[in-house]
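Student: One structure coming up, written as structure tokens, with questions to follow.
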Amino acid sequence: MKAHTAYLKFHTDKRIEFVNITKEVERVVQESGVTDGLCLVNPMHITAAIYVNDAESGIIEDYKELLEKLAPYKHEYHHHQTGEDNGAAHLWRQLMGHQVTVPITDGKIDFGTWEQIFYAEFDGQRTKRVLVKVIGK
Amino acid sequence: MKAHTAYLKFHTDKRIEFVNITKEVERVVQESGVTDGLCLVNPMHITAAIYVNDAESGIIEDYKELLEKLAPYKHEYHHHQTGEDNGAAHLWRQLMGHQVTVPITDGKIDFGTWEQIFYAEFDGQRTKRVLVKVIGK
Amino acid sequence: MKAHTAYLKFHTDKRIEFVNITKEVERVVQESGVTDGLCLVNPMHITAAIYVNDAESGIIEDYKELLEKLAPYKHEYHHHQTGEDNGAAHLWRQLMGHQVTVPITDGKIDFGTWEQIFYAEFDGQRTKRVLVKVIGK
């Protein structure tokens with residue numbers, strides 16, 4: 001059994017930002033030498049989501065509008081009594097999804113036509129890390 | 001280490017349809033010969049969700065009503081500027097959950113009493129594929 | 001390849017209860033002897049969520065308020081025609097997330113600073129089980 005771990009680093013300029021990381025994950029899969037297995041993609045932060053969907057800018061706008069409708073960013077959350085102002089980011093990450101596990105077949109990500117991996121940051125403007133762990137044979 | 005991959009195919013007659021795929025996943029687990037490991041069940045489409053919950057028709061109606069309340073299907077989404085009309089399906093898939101990883105013990109799916117695996121299609125009436133990958137020993 | 005499975009047991013006193021299970025999962029990882037791999041944490045019930053976020057009580061209050069706003073607990077759900085009264089719990093589990101896969105590196109959970117694993121029960125006051133399966137080398 002092989003196992004390989006990499007830590008991707010991002011600096012997001014905006015507080016809310018969606019980054020397509022499919023190519024970075026593909027590179028880690030190739031580095032790993034795994035031809036058949038699974039690849040976990042996990043944000044090391046709790047105000048961010050890793051999700052799989054289409055790389056179409058309209059969908060990303062639709063996600064932002066939905067999240068803002070369901071859990072407005074400016075609302076006075078209980079979490080803000082700690083001095084933080086990112087309560088919505090903790091809620092949005094749960095609604096959008098937390099992490100994904102990517103299948104690897106013949107040494108490549110085994111995806112359908114439109115599947116792309118995104119890092120969605122909801123409290124950015126800092127350096128953020130994503131763990132990518134590949135296991136398999 | 002063993003690894004085995006199968007691609008389930010469905011044709012959904014309705015645009016929104018919930019299909020219980022537990023038996024199909026169980027069959028793939030048996031084919032794999034894996035007695036202890038993990039099984040990823042991943043839709044190869046971005047308008048569908050794989051989730052685990054009860055096989056009770058009322059719950060499925062409740063899911064449809066909740067999703068329609070949170071993100072109405074007929075709304076004019078940004079995504080529709082591309083010519084598509086399935087914006088809600090991309091949102092619903094994130095809210096319901098994307099994929100599941102199923103534990104395998106003693107060669108079987110290691111589930112609690114009521115856990116069943118569903119494929120929820122939100123933009124159907126076409127042939128759709130689900131990847132099932134089993135790894136373990 | 002190594003594989004190890006444990007079943008955590010909880011008795012939740014309240015119907016809605018959030019339990020930090022990070023230490024219990026860490027203990028199972030140590031028992032497994034796996035130094036590099038993945039650990040699935042899966043609730044064996046369909047009215048509960050396993051999720052990763054901050055161990056801060058205000059955030060937990062914010063989650064409860066969001067879930068109650070999106071899917072009120074007292075609503076008359078279709079599922080209640082079966083005699084059950086826990087329809088909201090089946091909805092909340094999908095919105096919060098179902099299960100998590102935890103990376104293991106150097107024999108330990110490979111988390112960012114604030115990542116903690118929670119069991120969120122939405123229909124408790126009974127004994128509940130969580131499956132923890134570790135695979136790796």
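A note on labels: chains of the structure tokens are A, B, ... as shown, every chain counts residues from 1, and ligands are counted from 1 in their shown order.
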Skipping near chain neighbours, those fewer than 5 positions away, what residues fall within 9 Å of stretch 46-62 of chain C using only C-alpha atoms, listed as a PyMOL selection string?

Tutor: (chain A and resi 45-47+77-82+87-88+90-91+94+98) or (chain B and resi 52-54+112+114-115) or (chain C and resi 18+20+41+67+86-100+114-124+130)

Student: What's the 12 Å shell around B:Glu24, counting only C-alpha atoms, without same-chain residues fewer than 2 positions away, as a count of residues only?

Tutor: 24

Student: Least-squares superpose chain A on chain B across all ordered C-alpha pairs, then write out what you get as a PDB file with C-alpha atoms, in the first residue's frame.

Tutor:
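Resulting contents of part.pdb:
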```
ATOM      1  CA  MET A   1      -4.271  -4.220  -0.808  1.00  0.00           C
ATOM      2  CA  LYS A   2      -7.241  -4.823  -3.092  1.00  0.00           C
ATOM      3  CA  ALA A   3      -9.017  -2.220  -5.197  1.00  0.00           C
ATOM      4  CA  HIS A   4     -12.120  -2.656  -7.333  1.00  0.00           C
ATOM      5  CA  THR A   5     -14.110  -0.136  -9.367  1.00  0.00           C
ATOM      6  CA  ALA A   6     -17.581  -0.355 -10.873  1.00  0.00           C
ATOM      7  CA  TYR A   7     -19.752   2.161 -12.690  1.00  0.00           C
ATOM      8  CA  LEU A   8     -23.493   1.932 -11.989  1.00  0.00           C
ATOM      9  CA  LYS A   9     -25.798   3.236 -14.714  1.00  0.00           C
ATOM     10  CA  PHE A  10     -29.286   4.676 -14.237  1.00  0.00           C
ATOM     11  CA  HIS A  11     -31.887   6.129 -16.499  1.00  0.00           C
ATOM     12  CA  THR A  12     -34.118   8.440 -14.482  1.00  0.00           C
ATOM     13  CA  ASP A  13     -37.557   9.001 -16.003  1.00  0.00           C
ATOM     14  CA  LYS A  14     -38.372  12.111 -13.996  1.00  0.00           C
ATOM     15  CA  ARG A  15     -36.317  15.248 -13.658  1.00  0.00           C
ATOM     16  CA  ILE A  16     -36.218  14.880  -9.865  1.00  0.00           C
ATOM     17  CA  GLU A  17     -35.896  11.284  -8.738  1.00  0.00           C
ATOM     18  CA  PHE A  18     -34.620   9.384  -5.680  1.00  0.00           C
ATOM     19  CA  VAL A  19     -33.238   5.869  -6.285  1.00  0.00           C
ATOM     20  CA  ASN A  20     -32.262   3.437  -3.514  1.00  0.00           C
ATOM     21  CA  ILE A  21     -28.937   1.937  -4.691  1.00  0.00           C
ATOM     22  CA  THR A  22     -27.979   0.018  -1.537  1.00  0.00           C
ATOM     23  CA  LYS A  23     -28.334  -3.411  -3.203  1.00  0.00           C
ATOM     24  CA  GLU A  24     -26.221  -2.362  -6.218  1.00  0.00           C
ATOM     25  CA  VAL A  25     -23.451  -1.092  -3.942  1.00  0.00           C
ATOM     26  CA  GLU A  26     -23.622  -4.307  -1.887  1.00  0.00           C
ATOM     27  CA  ARG A  27     -23.190  -6.344  -5.067  1.00  0.00           C
ATOM     28  CA  VAL A  28     -20.048  -4.353  -5.995  1.00  0.00           C
ATOM     29  CA  VAL A  29     -18.642  -4.875  -2.484  1.00  0.00           C
ATOM     30  CA  GLN A  30     -19.134  -8.650  -2.870  1.00  0.00           C
ATOM     31  CA  GLU A  31     -17.521  -8.623  -6.344  1.00  0.00           C
ATOM     32  CA  SER A  32     -14.493  -6.795  -4.921  1.00  0.00           C
ATOM     33  CA  GLY A  33     -13.524  -9.586  -2.528  1.00  0.00           C
ATOM     34  CA  VAL A  34     -12.640  -6.904   0.057  1.00  0.00           C
ATOM     35  CA  THR A  35     -13.491  -8.025   3.605  1.00  0.00           C
ATOM     36  CA  ASP A  36     -12.255  -4.961   5.525  1.00  0.00           C
ATOM     37  CA  GLY A  37     -12.046  -1.509   3.977  1.00  0.00           C
ATOM     38  CA  LEU A  38     -13.845   1.505   2.554  1.00  0.00           C
ATOM     39  CA  CYS A  39     -16.175   1.980  -0.408  1.00  0.00           C
ATOM     40  CA  LEU A  40     -16.561   5.390  -2.053  1.00  0.00           C
ATOM     41  CA  VAL A  41     -19.892   6.035  -3.795  1.00  0.00           C
ATOM     42  CA  ASN A  42     -19.578   9.114  -6.005  1.00  0.00           C
ATOM     43  CA  PRO A  43     -22.037  10.493  -8.577  1.00  0.00           C
ATOM     44  CA  MET A  44     -20.227  11.373 -11.826  1.00  0.00           C
ATOM     45  CA  HIS A  45     -22.642  14.283 -12.314  1.00  0.00           C
ATOM     46  CA  ILE A  46     -22.896  17.645 -10.598  1.00  0.00           C
ATOM     47  CA  THR A  47     -26.681  17.882 -10.368  1.00  0.00           C
ATOM     48  CA  ALA A  48     -27.032  14.750  -8.238  1.00  0.00           C
ATOM     49  CA  ALA A  49     -26.375  13.767  -4.620  1.00  0.00           C
ATOM     50  CA  ILE A  50     -25.452  10.459  -3.033  1.00  0.00           C
ATOM     51  CA  TYR A  51     -26.671  10.378   0.560  1.00  0.00           C
ATOM     52  CA  VAL A  52     -27.500   7.918   3.339  1.00  0.00           C
ATOM     53  CA  ASN A  53     -30.847   8.030   5.117  1.00  0.00           C
ATOM     54  CA  ASP A  54     -34.031   6.062   5.701  1.00  0.00           C
ATOM     55  CA  ALA A  55     -35.963   4.353   2.863  1.00  0.00           C
ATOM     56  CA  GLU A  56     -39.261   6.009   3.826  1.00  0.00           C
ATOM     57  CA  SER A  57     -41.262   7.828   1.148  1.00  0.00           C
ATOM     58  CA  GLY A  58     -42.421  10.599   3.498  1.00  0.00           C
ATOM     59  CA  ILE A  59     -38.825  11.628   4.211  1.00  0.00           C
ATOM     60  CA  ILE A  60     -38.154  11.869   0.488  1.00  0.00           C
ATOM     61  CA  GLU A  61     -41.171  14.204   0.111  1.00  0.00           C
ATOM     62  CA  ASP A  62     -39.832  16.242   3.037  1.00  0.00           C
ATOM     63  CA  TYR A  63     -36.430  16.554   1.312  1.00  0.00           C
ATOM     64  CA  LYS A  64     -38.045  17.775  -1.917  1.00  0.00           C
ATOM     65  CA  GLU A  65     -40.150  20.353  -0.043  1.00  0.00           C
ATOM     66  CA  LEU A  66     -37.156  21.606   1.955  1.00  0.00           C
ATOM     67  CA  LEU A  67     -34.966  21.972  -1.132  1.00  0.00           C
ATOM     68  CA  GLU A  68     -37.741  23.757  -3.036  1.00  0.00           C
ATOM     69  CA  LYS A  69     -38.226  26.137  -0.078  1.00  0.00           C
ATOM     70  CA  LEU A  70     -34.516  26.924   0.278  1.00  0.00           C
ATOM     71  CA  ALA A  71     -33.711  27.188  -3.461  1.00  0.00           C
ATOM     72  CA  PRO A  72     -36.838  27.293  -5.673  1.00  0.00           C
ATOM     73  CA  TYR A  73     -36.459  25.335  -8.909  1.00  0.00           C
ATOM     74  CA  LYS A  74     -38.075  28.003 -11.103  1.00  0.00           C
ATOM     75  CA  HIS A  75     -35.930  30.924  -9.874  1.00  0.00           C
ATOM     76  CA  GLU A  76     -33.834  32.779 -12.479  1.00  0.00           C
ATOM     77  CA  TYR A  77     -30.331  31.692 -11.482  1.00  0.00           C
ATOM     78  CA  HIS A  78     -27.129  33.300 -12.816  1.00  0.00           C
ATOM     79  CA  HIS A  79     -26.235  29.896 -14.252  1.00  0.00           C
ATOM     80  CA  HIS A  80     -29.208  30.200 -16.628  1.00  0.00           C
ATOM     81  CA  GLN A  81     -27.390  32.916 -18.581  1.00  0.00           C
ATOM     82  CA  THR A  82     -25.413  30.029 -20.125  1.00  0.00           C
ATOM     83  CA  GLY A  83     -28.628  28.659 -21.642  1.00  0.00           C
ATOM     84  CA  GLU A  84     -29.069  26.001 -18.925  1.00  0.00           C
ATOM     85  CA  ASP A  85     -32.200  25.830 -16.750  1.00  0.00           C
ATOM     86  CA  ASN A  86     -30.886  23.537 -13.974  1.00  0.00           C
ATOM     87  CA  GLY A  87     -29.338  26.079 -11.571  1.00  0.00           C
ATOM     88  CA  ALA A  88     -31.344  24.770  -8.626  1.00  0.00           C
ATOM     89  CA  ALA A  89     -29.998  21.248  -9.223  1.00  0.00           C
ATOM     90  CA  HIS A  90     -26.409  22.497  -8.648  1.00  0.00           C
ATOM     91  CA  LEU A  91     -27.523  24.103  -5.366  1.00  0.00           C
ATOM     92  CA  TRP A  92     -29.607  21.169  -4.149  1.00  0.00           C
ATOM     93  CA  ARG A  93     -26.714  18.741  -4.623  1.00  0.00           C
ATOM     94  CA  GLN A  94     -24.554  20.806  -2.234  1.00  0.00           C
ATOM     95  CA  LEU A  95     -27.313  21.097   0.392  1.00  0.00           C
ATOM     96  CA  MET A  96     -28.172  17.354   0.339  1.00  0.00           C
ATOM     97  CA  GLY A  97     -24.583  16.114   0.290  1.00  0.00           C
ATOM     98  CA  HIS A  98     -22.352  15.035  -2.565  1.00  0.00           C
ATOM     99  CA  GLN A  99     -20.922  11.556  -1.947  1.00  0.00           C
ATOM    100  CA  VAL A 100     -20.620   8.933   0.769  1.00  0.00           C
ATOM    101  CA  THR A 101     -17.913   6.576   1.991  1.00  0.00           C
ATOM    102  CA  VAL A 102     -19.286   3.258   3.190  1.00  0.00           C
ATOM    103  CA  PRO A 103     -17.456   1.061   5.735  1.00  0.00           C
ATOM    104  CA  ILE A 104     -16.931  -2.631   4.885  1.00  0.00           C
ATOM    105  CA  THR A 105     -16.457  -5.205   7.670  1.00  0.00           C
ATOM    106  CA  ASP A 106     -16.490  -9.005   7.238  1.00  0.00           C
ATOM    107  CA  GLY A 107     -17.140  -8.514   3.501  1.00  0.00           C
ATOM    108  CA  LYS A 108     -20.361  -6.553   4.028  1.00  0.00           C
ATOM    109  CA  ILE A 109     -21.546  -2.941   4.305  1.00  0.00           C
ATOM    110  CA  ASP A 110     -21.223  -2.137   8.029  1.00  0.00           C
ATOM    111  CA  PHE A 111     -24.344  -0.031   8.518  1.00  0.00           C
ATOM    112  CA  GLY A 112     -26.803   0.703  11.314  1.00  0.00           C
ATOM    113  CA  THR A 113     -30.368  -0.635  11.031  1.00  0.00           C
ATOM    114  CA  TRP A 114     -31.850   2.208   8.978  1.00  0.00           C
ATOM    115  CA  GLU A 115     -28.938   3.366   6.825  1.00  0.00           C
ATOM    116  CA  GLN A 116     -29.697   3.099   3.102  1.00  0.00           C
ATOM    117  CA  ILE A 117     -27.777   4.620   0.162  1.00  0.00           C
ATOM    118  CA  PHE A 118     -29.697   6.884  -2.206  1.00  0.00           C
ATOM    119  CA  TYR A 119     -28.930   8.461  -5.557  1.00  0.00           C
ATOM    120  CA  ALA A 120     -30.891  11.709  -5.732  1.00  0.00           C
ATOM    121  CA  GLU A 121     -31.073  13.120  -9.235  1.00  0.00           C
ATOM    122  CA  PHE A 122     -32.140  16.763  -9.606  1.00  0.00           C
ATOM    123  CA  ASP A 123     -31.806  17.100 -13.401  1.00  0.00           C
ATOM    124  CA  GLY A 124     -32.580  13.697 -14.823  1.00  0.00           C
ATOM    125  CA  GLN A 125     -34.305  12.175 -17.833  1.00  0.00           C
ATOM    126  CA  ARG A 126     -30.907  11.098 -19.117  1.00  0.00           C
ATOM    127  CA  THR A 127     -28.539   8.192 -18.435  1.00  0.00           C
ATOM    128  CA  LYS A 128     -26.440   8.867 -15.335  1.00  0.00           C
ATOM    129  CA  ARG A 129     -23.384   7.137 -13.830  1.00  0.00           C
ATOM    130  CA  VAL A 130     -22.240   6.474 -10.279  1.00  0.00           C
ATOM    131  CA  LEU A 131     -18.677   5.380  -9.515  1.00  0.00           C
ATOM    132  CA  VAL A 132     -18.242   2.780  -6.771  1.00  0.00           C
ATOM    133  CA  LYS A 133     -14.646   2.164  -5.644  1.00  0.00           C
ATOM    134  CA  VAL A 134     -13.780  -0.396  -2.983  1.00  0.00           C
ATOM    135  CA  ILE A 135     -10.348  -0.494  -1.339  1.00  0.00           C
ATOM    136  CA  GLY A 136      -9.172  -2.664   1.513  1.00  0.00           C
ATOM    137  CA  LYS A 137      -7.873  -6.105   2.312  1.00  0.00           C
TER     138      LYS A 137
END
```

Student: What parts of chain C does DSSP call strand (DSSP E)? I'd like the answer as a PyMOL selection string.

Tutor: chain C and resi 2-11+17-20+36-43+48-53+100-105+108-109+116-121+127-136

Student: As a ChimeraX atom specification, please: every residue in stretch 12-128 of chain A that a backbone DSSP assignment puts in helix (DSSP H, G or I).

Tutor: /A:22-32,57-70,78-82,87-96

Student: Store the residues picked out above, limited to C-alpha atoms, as an mmCIF file, in the first residue's frame.

Tutor:
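Result saved to again_9.cif:
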```
data_model
loop_
_atom_site.group_PDB
_atom_site.id
_atom_site.type_symbol
_atom_site.label_atom_id
_atom_site.label_comp_id
_atom_site.auth_asym_id
_atom_site.auth_seq_id
_atom_site.Cartn_x
_atom_site.Cartn_y
_atom_site.Cartn_z
ATOM 1 C CA THR A 22 -8.375 20.450 -9.605
ATOM 2 C CA LYS A 23 -4.963 20.808 -11.306
ATOM 3 C CA GLU A 24 -3.117 21.012 -7.959
ATOM 4 C CA VAL A 25 -4.844 17.858 -6.718
ATOM 5 C CA GLU A 26 -4.055 16.092 -10.012
ATOM 6 C CA ARG A 27 -0.383 16.983 -9.592
ATOM 7 C CA VAL A 28 -0.345 15.453 -6.076
ATOM 8 C CA VAL A 29 -2.010 12.284 -7.405
ATOM 9 C CA GLN A 30 0.739 11.971 -10.047
ATOM 10 C CA GLU A 31 3.477 12.577 -7.439
ATOM 11 C CA SER A 32 2.008 9.817 -5.258
ATOM 12 C CA SER A 57 -18.922 31.543 -12.819
ATOM 13 C CA GLY A 58 -22.721 31.866 -12.724
ATOM 14 C CA ILE A 59 -23.016 28.843 -10.429
ATOM 15 C CA ILE A 60 -20.492 30.392 -8.061
ATOM 16 C CA GLU A 61 -22.608 33.586 -7.922
ATOM 17 C CA ASP A 62 -25.664 31.413 -7.257
ATOM 18 C CA TYR A 63 -23.859 29.700 -4.349
ATOM 19 C CA LYS A 64 -22.921 33.053 -2.799
ATOM 20 C CA GLU A 65 -26.501 34.347 -3.112
ATOM 21 C CA LEU A 66 -27.972 31.161 -1.625
ATOM 22 C CA LEU A 67 -25.585 31.176 1.336
ATOM 23 C CA GLU A 68 -26.225 34.875 1.986
ATOM 24 C CA LYS A 69 -29.997 34.230 1.880
ATOM 25 C CA LEU A 70 -29.853 31.251 4.250
ATOM 26 C CA HIS A 78 -23.545 34.014 19.057
ATOM 27 C CA HIS A 79 -19.994 33.251 17.936
ATOM 28 C CA HIS A 80 -19.339 37.005 17.706
ATOM 29 C CA GLN A 81 -19.440 37.272 21.503
ATOM 30 C CA THR A 82 -15.902 35.825 21.373
ATOM 31 C CA GLY A 87 -19.946 33.351 12.335
ATOM 32 C CA ALA A 88 -21.538 33.036 8.903
ATOM 33 C CA ALA A 89 -18.360 31.425 7.533
ATOM 34 C CA HIS A 90 -18.714 28.536 10.042
ATOM 35 C CA LEU A 91 -22.328 28.031 8.909
ATOM 36 C CA TRP A 92 -21.644 28.326 5.183
ATOM 37 C CA ARG A 93 -18.919 25.673 5.335
ATOM 38 C CA GLN A 94 -21.425 23.139 6.730
ATOM 39 C CA LEU A 95 -24.096 23.992 4.134
ATOM 40 C CA MET A 96 -21.686 23.800 1.150
#
```
